Amino acid sequence: MQNPLSVLYRDDYLLIVHKPAGLLVHRSPIDKHETEFALQYARVLNGGQHVYPVHRLDRPTSGILVFARDSDTARSLGLAMMAGDVAKTYLAMVRGWPPEHGQIDHPLREEPEDRRLKGEEQPVRDALTYYRTLAKTEIPVEIEKYPSSRYAIVELNPKTGRKHQLRRHMKHINHPIIGDANHGRGRHNRYFAERFGQGRLMLAATRMAFRHPVSGKPLTISAAPEASFLEVLSLFPGFDVRDHSEK
């Protein structure tokens, strides 16, 4: 079976890959029936040796995923992420036309992994996201109450790491991400699933920058979105994703 992960960077301490949409990072109580995980495919790329996921990437989100090749490196980079010393950039397609740029400073209640804890009171954490609108389009299709429908491509920079932060924040400002089954708009999601023959969350981790946990040297990893994402972006004439994923 072909490995769905592609290597973006590898050295003695790190294994950084591109994860496709639809693949879980590791086993989860939410999806007990699943048998394929990015973690096991990363082990294959690591010669069968154990790897340590440094952060999470939601199942429907594609893009950059970092594994450490030893526990000390995992601990060091994990602390850097908690301290806000790792810059993450995502690309998303959203409903409507957001402002040119802005910030979303909106606390989020924690979402437990285990559904059995859903009824219990969860703490509320600070959450901050910066965004920048890169492109806009309008298509002559009536999906809700207007004769045409507007969409935008936005660059998202989360400054905190709350679960589903970007999806929940974009919903909060009334520009939900296309393909988001939990926080999006069903009519728009169905339109794109039918038009392109498949539904997917239009969210991709395209760039990550941090200091190497061992050498201390600056390291920037970039990855253009996968083909299923780029196909939908064909609705934005003149927009070249490479101009933004490689900066």
# chains A, B, ... in the order shown; residues from 1 in each chain; ligands from 1
>>> closest_atom_pairs(of="segment 195-245 of chain A", to="segment 51-63 of chain A", cutoff="8 Å", atoms="only C-alpha atoms", output="JSON lines")
{"residue": "A:Arg200", "atom": "CA", "partner": "A:Pro60", "partner_atom": "CA", "distance": 6.8}
{"residue": "A:Leu201", "atom": "CA", "partner": "A:Pro60", "partner_atom": "CA", "distance": 5.7}
{"residue": "A:Met202", "atom": "CA", "partner": "A:Thr61", "partner_atom": "CA", "distance": 7.6}
{"residue": "A:Leu203", "atom": "CA", "partner": "A:Thr61", "partner_atom": "CA", "distance": 5.5}
{"residue": "A:Ala204", "atom": "CA", "partner": "A:Ser62", "partner_atom": "CA", "distance": 4.8}
{"residue": "A:Ala205", "atom": "CA", "partner": "A:Gly63", "partner_atom": "CA", "distance": 4.3}
{"residue": "A:Thr206", "atom": "CA", "partner": "A:Gly63", "partner_atom": "CA", "distance": 5.9}
{"residue": "A:Ala223", "atom": "CA", "partner": "A:Gly63", "partner_atom": "CA", "distance": 6.8}
{"residue": "A:Ala224", "atom": "CA", "partner": "A:Gly63", "partner_atom": "CA", "distance": 7.9}
{"residue": "A:Pro225", "atom": "CA", "partner": "A:Gly63", "partner_atom": "CA", "distance": 6.6}
{"residue": "A:Glu226", "atom": "CA", "partner": "A:Ser62", "partner_atom": "CA", "distance": 7.5}
>>> write_last_selection(atoms="C-alpha atoms", output="mmCIF file, in the first residue's frame")
data_model
loop_
_atom_site.group_PDB
_atom_site.id
_atom_site.type_symbol
_atom_site.label_atom_id
_atom_site.label_comp_id
_atom_site.auth_asym_id
_atom_site.auth_seq_id
_atom_site.Cartn_x
_atom_site.Cartn_y
_atom_site.Cartn_z
ATOM 1 C CA ARG A 200 -13.684 18.214 2.086
ATOM 2 C CA LEU A 201 -12.810 20.770 4.713
ATOM 3 C CA MET A 202 -11.164 23.688 2.926
ATOM 4 C CA LEU A 203 -8.451 24.142 5.541
ATOM 5 C CA ALA A 204 -4.772 23.349 5.033
ATOM 6 C CA ALA A 205 -1.653 23.882 7.153
ATOM 7 C CA THR A 206 0.733 25.427 4.628
ATOM 8 C CA ALA A 223 3.697 22.880 1.651
ATOM 9 C CA ALA A 224 1.150 23.721 -1.027
ATOM 10 C CA PRO A 225 -2.341 22.258 -0.453
ATOM 11 C CA GLU A 226 -3.189 18.892 -1.986
#
>>> residues_around(residues="Leu79 of chain A", least_positions_apart="6", cutoff="10 Å", atoms="only C-alpha atoms", output="list in words")
Val54, Thr73, Asp85, Val86 and Pro213 of chain A
>>> write_last_selection(atoms="C-alpha atoms", output="compact mmCIF listing (two decimals), in the first residue's frame")
# COMPACT_ATOMS: atom_id res chain seq x y z
CA VAL A 54 4.44 17.06 18.43
CA THR A 73 13.12 16.51 20.90
CA ASP A 85 7.37 30.17 19.72
CA VAL A 86 6.10 28.21 16.71
CA PRO A 213 14.98 22.18 18.93
>>> atom_distance(atom1="atom CA of Asp11 of chain A", atom2="atom CA of Arg207 of chain A")
18.2 Å
>>> select_by_dssp(residues="segment 129-226 of chain A", states="strand (DSSP E)", output="count of residues only")
35
>>> select_by_dssp(residues="segment 34-127 of chain A", states="alpha helix (DSSP H)", output="list of chain:residue names")
A:Ala38, A:Leu39, A:Gln40, A:Tyr41, A:Ala42, A:Arg43, A:Val44, A:Leu45, A:Ser71, A:Asp72, A:Thr73, A:Ala74, A:Arg75, A:Ser76, A:Leu77, A:Gly78, A:Leu79, A:Ala80, A:Met81, A:Met82
>>> write_last_selection(atoms="all heavy atoms", output="tab-separated table (two decimals), in the first residue's frame")
chain	number	residue	atom	x	y	z
A	38	ALA	N	-1.91	8.46	10.72
A	38	ALA	CA	-0.66	9.08	10.25
A	38	ALA	C	0.52	8.57	11.07
A	38	ALA	O	1.63	8.42	10.54
A	38	ALA	CB	-0.77	10.60	10.36
A	39	LEU	N	0.29	8.30	12.35
A	39	LEU	CA	1.37	7.85	13.22
A	39	LEU	C	2.01	6.56	12.70
A	39	LEU	O	3.24	6.44	12.66
A	39	LEU	CB	0.83	7.64	14.64
A	39	LEU	CG	1.83	7.22	15.71
A	39	LEU	CD1	2.91	8.29	15.89
A	39	LEU	CD2	1.11	6.99	17.03
A	40	GLN	N	1.20	5.61	12.29
A	40	GLN	CA	1.76	4.34	11.82
A	40	GLN	C	2.48	4.51	10.49
A	40	GLN	O	3.53	3.88	10.24
A	40	GLN	CB	0.67	3.28	11.72
A	40	GLN	CG	-0.34	3.49	10.59
A	40	GLN	CD	-1.52	2.55	10.70
A	40	GLN	OE1	-2.12	2.41	11.75
A	40	GLN	NE2	-1.88	1.91	9.60
A	41	TYR	N	1.96	5.38	9.62
A	41	TYR	CA	2.65	5.62	8.34
A	41	TYR	C	3.96	6.38	8.56
A	41	TYR	O	4.93	6.17	7.82
A	41	TYR	CB	1.74	6.40	7.40
A	41	TYR	CG	0.61	5.58	6.82
A	41	TYR	CD1	-0.72	5.87	7.12
A	41	TYR	CD2	0.87	4.50	5.98
A	41	TYR	CE1	-1.76	5.11	6.59
A	41	TYR	CE2	-0.16	3.73	5.45
A	41	TYR	CZ	-1.47	4.04	5.76
A	41	TYR	OH	-2.49	3.29	5.23
A	42	ALA	N	3.98	7.25	9.57
A	42	ALA	CA	5.22	7.98	9.89
A	42	ALA	C	6.28	7.00	10.41
A	42	ALA	O	7.47	7.17	10.13
A	42	ALA	CB	4.95	9.06	10.92
A	43	ARG	N	5.85	5.99	11.16
A	43	ARG	CA	6.80	4.98	11.62
A	43	ARG	C	7.45	4.25	10.46
A	43	ARG	O	8.65	3.94	10.49
A	43	ARG	CB	6.09	3.97	12.54
A	43	ARG	CG	5.75	4.51	13.92
A	43	ARG	CD	4.94	3.49	14.68
A	43	ARG	NE	4.54	3.98	16.00
A	43	ARG	CZ	3.58	3.44	16.74
A	43	ARG	NH1	2.91	2.39	16.28
A	43	ARG	NH2	3.29	3.93	17.93
A	44	VAL	N	6.67	3.98	9.43
A	44	VAL	CA	7.22	3.34	8.24
A	44	VAL	C	8.30	4.23	7.61
A	44	VAL	O	9.38	3.75	7.24
A	44	VAL	CB	6.10	3.05	7.21
A	44	VAL	CG1	6.70	2.52	5.90
A	44	VAL	CG2	5.10	2.04	7.78
A	45	LEU	N	8.01	5.52	7.52
A	45	LEU	CA	8.99	6.46	6.97
A	45	LEU	C	10.22	6.59	7.87
A	45	LEU	O	11.27	7.03	7.42
A	45	LEU	CB	8.34	7.84	6.79
A	45	LEU	CG	7.21	7.92	5.76
A	45	LEU	CD1	6.58	9.31	5.79
A	45	LEU	CD2	7.71	7.59	4.36
A	71	SER	N	12.14	11.28	22.26
A	71	SER	CA	11.27	11.90	23.25
A	71	SER	C	11.80	13.27	23.71
A	71	SER	O	11.01	14.18	24.00
A	71	SER	CB	11.11	10.98	24.46
A	71	SER	OG	12.37	10.67	25.05
A	72	ASP	N	13.11	13.44	23.78
A	72	ASP	CA	13.67	14.73	24.22
A	72	ASP	C	13.34	15.84	23.22
A	72	ASP	O	12.97	16.96	23.61
A	72	ASP	CB	15.19	14.63	24.39
A	72	ASP	CG	15.59	13.81	25.61
A	72	ASP	OD1	14.73	13.64	26.51
A	72	ASP	OD2	16.74	13.34	25.65
A	73	THR	N	13.46	15.53	21.93
A	73	THR	CA	13.12	16.51	20.90
A	73	THR	C	11.63	16.83	20.94
A	73	THR	O	11.23	17.99	20.81
A	73	THR	CB	13.51	15.97	19.51
A	73	THR	OG1	14.92	15.72	19.48
A	73	THR	CG2	13.16	16.97	18.42
A	74	ALA	N	10.81	15.80	21.15
A	74	ALA	CA	9.36	16.01	21.23
A	74	ALA	C	9.02	16.94	22.39
A	74	ALA	O	8.19	17.85	22.26
A	74	ALA	CB	8.65	14.67	21.40
A	75	ARG	N	9.67	16.72	23.52
A	75	ARG	CA	9.40	17.54	24.70
A	75	ARG	C	9.83	18.99	24.47
A	75	ARG	O	9.10	19.93	24.79
A	75	ARG	CB	10.14	16.96	25.90
A	75	ARG	CG	9.80	17.63	27.24
A	75	ARG	CD	10.54	16.97	28.38
A	75	ARG	NE	10.31	15.53	28.43
A	75	ARG	CZ	11.22	14.61	28.10
A	75	ARG	NH1	12.43	14.98	27.71
A	75	ARG	NH2	10.94	13.33	28.16
A	76	SER	N	10.99	19.17	23.88
A	76	SER	CA	11.53	20.51	23.64
A	76	SER	C	10.64	21.30	22.67
A	76	SER	O	10.29	22.46	22.92
A	76	SER	CB	12.95	20.42	23.08
A	76	SER	OG	13.46	21.69	22.77
A	77	LEU	N	10.24	20.66	21.57
A	77	LEU	CA	9.42	21.35	20.59
A	77	LEU	C	8.00	21.55	21.10
A	77	LEU	O	7.35	22.58	20.82
A	77	LEU	CB	9.41	20.57	19.27
A	77	LEU	CG	8.85	21.29	18.05
A	77	LEU	CD1	9.46	22.66	17.88
A	77	LEU	CD2	9.09	20.45	16.79
A	78	GLY	N	7.51	20.61	21.90
A	78	GLY	CA	6.19	20.78	22.50
A	78	GLY	C	6.15	21.98	23.42
A	78	GLY	O	5.17	22.73	23.43
A	79	LEU	N	7.21	22.19	24.20
A	79	LEU	CA	7.28	23.35	25.08
A	79	LEU	C	7.33	24.65	24.27
A	79	LEU	O	6.74	25.66	24.66
A	79	LEU	CB	8.51	23.24	25.99
A	79	LEU	CG	8.45	22.17	27.07
A	79	LEU	CD1	9.79	22.03	27.78
A	79	LEU	CD2	7.35	22.49	28.08
A	80	ALA	N	8.04	24.61	23.15
A	80	ALA	CA	8.12	25.80	22.28
A	80	ALA	C	6.74	26.15	21.73
A	80	ALA	O	6.37	27.32	21.63
A	80	ALA	CB	9.10	25.55	21.14
A	81	MET	N	5.97	25.13	21.38
A	81	MET	CA	4.61	25.38	20.88
A	81	MET	C	3.74	25.97	21.98
A	81	MET	O	2.97	26.91	21.74
A	81	MET	CB	4.01	24.08	20.35
A	81	MET	CG	4.62	23.63	19.03
A	81	MET	SD	3.63	22.39	18.20
A	81	MET	CE	4.51	22.25	16.63
A	82	MET	N	3.84	25.44	23.18
A	82	MET	CA	3.04	25.95	24.29
A	82	MET	C	3.41	27.40	24.61
A	82	MET	O	2.57	28.18	25.04
A	82	MET	CB	3.24	25.06	25.52
A	82	MET	CG	2.63	23.67	25.38
A	82	MET	SD	2.98	22.62	26.81
A	82	MET	CE	2.17	23.54	28.12
>>> closest_residue(among="A:Gly48, A:Gly96, A:Gly216, A:Pro20", to="Ile173 of chain A", atoms="only C-alpha atoms")
A:Gly96
>>> residues_around(residues="Lys136 of chain A", least_positions_apart="6", cutoff="7 Å", atoms="only C-alpha atoms", output="PyMOL selection string")
chain A and resi 97+151-153+236
>>> write_last_selection(atoms="all heavy atoms", output="PDB file, in the first residue's frame")
ATOM      1  N   TRP A  97     -17.215  37.551   2.264  1.00  0.00           N
ATOM      2  CA  TRP A  97     -16.013  38.356   2.079  1.00  0.00           C
ATOM      3  C   TRP A  97     -15.628  39.001   3.409  1.00  0.00           C
ATOM      4  O   TRP A  97     -16.200  40.031   3.799  1.00  0.00           O
ATOM      5  CB  TRP A  97     -16.259  39.448   1.028  1.00  0.00           C
ATOM      6  CG  TRP A  97     -16.372  38.931  -0.374  1.00  0.00           C
ATOM      7  CD1 TRP A  97     -16.206  37.652  -0.801  1.00  0.00           C
ATOM      8  CD2 TRP A  97     -16.657  39.720  -1.544  1.00  0.00           C
ATOM      9  NE1 TRP A  97     -16.381  37.563  -2.158  1.00  0.00           N
ATOM     10  CE2 TRP A  97     -16.652  38.819  -2.644  1.00  0.00           C
ATOM     11  CE3 TRP A  97     -16.920  41.066  -1.759  1.00  0.00           C
ATOM     12  CZ2 TRP A  97     -16.911  39.246  -3.951  1.00  0.00           C
ATOM     13  CZ3 TRP A  97     -17.174  41.494  -3.047  1.00  0.00           C
ATOM     14  CH2 TRP A  97     -17.166  40.600  -4.133  1.00  0.00           C
ATOM     15  N   TYR A 151     -17.301  34.116  -1.869  1.00  0.00           N
ATOM     16  CA  TYR A 151     -16.341  33.303  -1.110  1.00  0.00           C
ATOM     17  C   TYR A 151     -14.998  34.021  -1.086  1.00  0.00           C
ATOM     18  O   TYR A 151     -14.722  34.886  -1.922  1.00  0.00           O
ATOM     19  CB  TYR A 151     -16.183  31.910  -1.735  1.00  0.00           C
ATOM     20  CG  TYR A 151     -17.487  31.175  -1.812  1.00  0.00           C
ATOM     21  CD1 TYR A 151     -18.245  31.185  -2.982  1.00  0.00           C
ATOM     22  CD2 TYR A 151     -17.992  30.497  -0.695  1.00  0.00           C
ATOM     23  CE1 TYR A 151     -19.471  30.542  -3.045  1.00  0.00           C
ATOM     24  CE2 TYR A 151     -19.211  29.844  -0.748  1.00  0.00           C
ATOM     25  CZ  TYR A 151     -19.949  29.875  -1.920  1.00  0.00           C
ATOM     26  OH  TYR A 151     -21.163  29.242  -1.963  1.00  0.00           O
ATOM     27  N   ALA A 152     -14.165  33.640  -0.131  1.00  0.00           N
ATOM     28  CA  ALA A 152     -12.842  34.247  -0.005  1.00  0.00           C
ATOM     29  C   ALA A 152     -11.817  33.200   0.407  1.00  0.00           C
ATOM     30  O   ALA A 152     -12.144  32.188   1.040  1.00  0.00           O
ATOM     31  CB  ALA A 152     -12.871  35.380   1.013  1.00  0.00           C
ATOM     32  N   ILE A 153     -10.575  33.468   0.043  1.00  0.00           N
ATOM     33  CA  ILE A 153      -9.442  32.689   0.535  1.00  0.00           C
ATOM     34  C   ILE A 153      -8.775  33.525   1.613  1.00  0.00           C
ATOM     35  O   ILE A 153      -8.448  34.700   1.383  1.00  0.00           O
ATOM     36  CB  ILE A 153      -8.433  32.382  -0.584  1.00  0.00           C
ATOM     37  CG1 ILE A 153      -9.108  31.603  -1.712  1.00  0.00           C
ATOM     38  CG2 ILE A 153      -7.251  31.584  -0.030  1.00  0.00           C
ATOM     39  CD1 ILE A 153      -8.226  31.451  -2.939  1.00  0.00           C
ATOM     40  N   PHE A 236     -11.130  30.866  -8.095  1.00  0.00           N
ATOM     41  CA  PHE A 236     -10.517  32.173  -7.858  1.00  0.00           C
ATOM     42  C   PHE A 236      -9.530  32.471  -8.994  1.00  0.00           C
ATOM     43  O   PHE A 236      -8.337  32.153  -8.890  1.00  0.00           O
ATOM     44  CB  PHE A 236      -9.792  32.183  -6.515  1.00  0.00           C
ATOM     45  CG  PHE A 236     -10.705  32.037  -5.328  1.00  0.00           C
ATOM     46  CD1 PHE A 236     -11.157  30.786  -4.936  1.00  0.00           C
ATOM     47  CD2 PHE A 236     -11.120  33.146  -4.606  1.00  0.00           C
ATOM     48  CE1 PHE A 236     -12.001  30.639  -3.847  1.00  0.00           C
ATOM     49  CE2 PHE A 236     -11.970  33.011  -3.515  1.00  0.00           C
ATOM     50  CZ  PHE A 236     -12.415  31.759  -3.142  1.00  0.00           C
TER      51      PHE A 236
END
>>> residues_around(residues="Ala87 of chain A", least_positions_apart="5", cutoff="10 Å", atoms="only C-alpha atoms", output="JSON list (two decimals) with N, CA, C and O atoms, in the first residue's frame")
[["chain", "number", "residue", "atom", "x", "y", "z"],
["A", 81, "MET", "N", 5.97, 25.13, 21.38],
["A", 81, "MET", "CA", 4.61, 25.38, 20.88],
["A", 81, "MET", "C", 3.74, 25.97, 21.98],
["A", 81, "MET", "O", 2.97, 26.91, 21.74],
["A", 157, "ASN", "N", -3.54, 32.71, 11.06],
["A", 157, "ASN", "CA", -2.38, 32.54, 11.94],
["A", 157, "ASN", "C", -2.86, 32.42, 13.38],
["A", 157, "ASN", "O", -3.10, 33.43, 14.05],
["A", 158, "PRO", "N", -3.04, 31.19, 13.87],
["A", 158, "PRO", "CA", -3.47, 31.01, 15.25],
["A", 158, "PRO", "C", -2.33, 31.31, 16.22],
["A", 158, "PRO", "O", -1.21, 30.84, 16.04],
["A", 159, "LYS", "N", -2.62, 32.09, 17.24],
["A", 159, "LYS", "CA", -1.62, 32.40, 18.26],
["A", 159, "LYS", "C", -1.79, 31.52, 19.50],
["A", 159, "LYS", "O", -0.94, 31.54, 20.40],
["A", 207, "ARG", "N", 2.31, 26.39, 6.24],
["A", 207, "ARG", "CA", 3.64, 26.86, 6.61],
["A", 207, "ARG", "C", 3.82, 26.78, 8.12],
["A", 207, "ARG", "O", 2.89, 27.03, 8.89],
["A", 208, "MET", "N", 5.03, 26.43, 8.55],
["A", 208, "MET", "CA", 5.36, 26.40, 9.97],
["A", 208, "MET", "C", 6.80, 26.86, 10.14],
["A", 208, "MET", "O", 7.69, 26.44, 9.39],
["A", 209, "ALA", "N", 7.02, 27.73, 11.10],
["A", 209, "ALA", "CA", 8.36, 28.27, 11.32],
["A", 209, "ALA", "C", 8.70, 28.21, 12.81],
["A", 209, "ALA", "O", 7.88, 28.58, 13.65],
["A", 210, "PHE", "N", 9.91, 27.74, 13.11],
["A", 210, "PHE", "CA", 10.36, 27.64, 14.50],
["A", 210, "PHE", "C", 11.87, 27.45, 14.52],
["A", 210, "PHE", "O", 12.50, 27.23, 13.47],
["A", 220, "THR", "N", 11.95, 26.86, 8.48],
["A", 220, "THR", "CA", 10.64, 27.14, 7.92],
["A", 220, "THR", "C", 10.26, 26.04, 6.95],
["A", 220, "THR", "O", 11.03, 25.72, 6.03]]
